[in-house]
Every structure is written in C-alpha cells, then in structure tokens.
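Participant: Here it is, the structure in full.
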Amino acid sequence: MVPFKRHLHAAHSLVKGLVPLMEAGGYGRIVNVISTSVREPIPNLGLSNTLRGAMASWSKSLSRELPACITINNVLPGFTDTDRLGSLAASISAKTGKSVEDVHSTWMSEVPIGRLVDPMETGAAIAYLCMPVSGAIRGVSLAVDGGRMRSI
C-alpha cells in the first residue's frame, strides 16, 4: 500500500490540486520520471514494475482528459550516471560476487551508446517536454536510455 500511495496516489493528488491553477494560467506541463520497466520489466522487481506501468497508463488516460493547454508525459531513464546507480552496482556486486566493474560492463554491453546516460541528457528531454513547442506531445513515454530497450 505504501508504494502505491507514494507513487500513483501522490502523483494523482498533485495533479488534481495543480490542474485548476495551470488551466487558469492557460499553460501546464506535467512530466513523470518513471523507469524503462514501463516497457521492459526488470527481473525481481515485480511490485515496482507494476507501479511504474500503472503510472504510465494513468498518464496516458489523463492525457485525453486534461484541458488542451496542459500536457502530461513520462520520461523513462535508463542506466544514468548517478549515485543511485553506483549503489545498485555495489549491491549487485555484494549479492553475486561479481566486481562492480563487471556489473558495469554487463550493463554497458546492453547499451548501444556504450556509456551511462548523462543526467543532463535526461534533464534536456524533460525541459523540452515542458516547452510551449512540445504542446502536441501528450501521453508519451519517452525512453532516455542510450538505445538499451529492445521494445518499440
């Protein structure tokens, strides 16, 4: 129940509270940062995968219900150069006995750009989705993953 409240319920409550203000101002952009697990579930993260998928579905539904001046979209980050990813690599290393470097190499073998995504690249995608010129983009889940996902 806590993960549901923290993700989907919290997002819905925020949107519900902010939409009237956005509509009154004639402009609004909502961007959820979710996970690539929306399209390709991550092994051993069933609850997390389900919640992220629910967020994407909620966003898609809402994209057809919001006033014309407000858009909602999702960004799906891939392997991004953050402290959190470093912690995850260390945790996997401890559980599997692989070195952190081997964990990282395994990840990079799946990413066509051959490197971690720079957080600025994710930020630039979010910034674009917030610009007036992106007004026709509604209900989209945009992967910023260096081409890692195999799904269309």
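To be explicit about the labels: the chains of the structure tokens are called A, B, and onward in the order shown, and within each one the residues are counted from 1, while ligands get numbers from 1 in the order they are shown.
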As a ChimeraX atom specification, please: every residue in chain A that DSSP puts in alpha helix (DSSP H).
Facilitator: /A:2-4,10-25,46-63,83-96,100-108,119-130
Participant: Applying 6 Å and only C-alpha atoms, which residues near Arg29 of chain A remain after dropping the ones on its own chain fewer than 4 positions away? List them as a ChimeraX atom specification.
Facilitator: /A:70-71,130
Participant: Just write the chosen residues, C-alpha atoms, as a short mmCIF file (atom, residue, chain, number, x, y, z; two decimals), in the first residue's frame.
Facilitator:
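Writing done, so here's result_36.cif:
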```
data_model
loop_
_atom_site.label_atom_id
_atom_site.label_comp_id
_atom_site.auth_asym_id
_atom_site.auth_seq_id
_atom_site.Cartn_x
_atom_site.Cartn_y
_atom_site.Cartn_z
CA ILE A 70 -1.95 21.07 -20.22
CA THR A 71 0.17 18.11 -21.30
CA CYS A 130 7.99 21.49 -20.69
#
```
Participant: As a VMD selection string, please: the residues near segment 36-48 of chain A (cut-off 12 Å, only C-alpha atoms, same-chain neighbours under 5 positions excluded).
Facilitator: chain A and resid 1 to 4 6 to 8 53 to 59 74 to 80 140 to 152
Participant: Give the strand (DSSP E) residues of segment 29-78 of chain A, as DSSP finds them on the backbone, and put them as a list in words.
Facilitator: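 Filtering segment 29-78 of chain A down to strand (DSSP E) leaves Arg29, Ile30, Val31, Asn32, Val33, Ile70, Thr71, Ile72, Asn73, Asn74, Val75, Leu76 and Pro77 of chain A.
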Participant: Figure out the distance between atom CA of Pro119 of chain A and atom CA of Met22 of chain A, please, to one decimal in Å.
Facilitator: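 Atom-to-atom, atom CA of Met22 of chain A to atom CA of Pro119 of chain A, that is 27.2 Å.
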Participant: Using only C-alpha atoms, pick whichever of A:Arg52, A:Cys69, A:Ser87, A:Ala11 has the shortest atom-to-atom distance to Gly25 of chain A.
Facilitator: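 Among the listed residues, A:Cys69 lies closest to Gly25 of chain A.
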Participant: Quote the spacing between atom CA of Ser99 of chain A and atom CA of Val117 of chain A in Å to one decimal place.
Facilitator: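 Straight-line distance from atom CA of Ser99 of chain A to atom CA of Val117 of chain A works out to 21.0 Å.
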Participant: Could you pull the residues within 10 Å of segment 84-86 of chain A, counting only C-alpha atoms, minus those fewer than 6 positions along the same chain, as a PyMOL selection string?
Facilitator: chain A and resi 92+100+104+116
Participant: What's the separation between atom CA of Met131 of chain A and atom CA of Asn32 of chain A, in Å to one decimal place?
Facilitator: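 The value is 15.1 Å.
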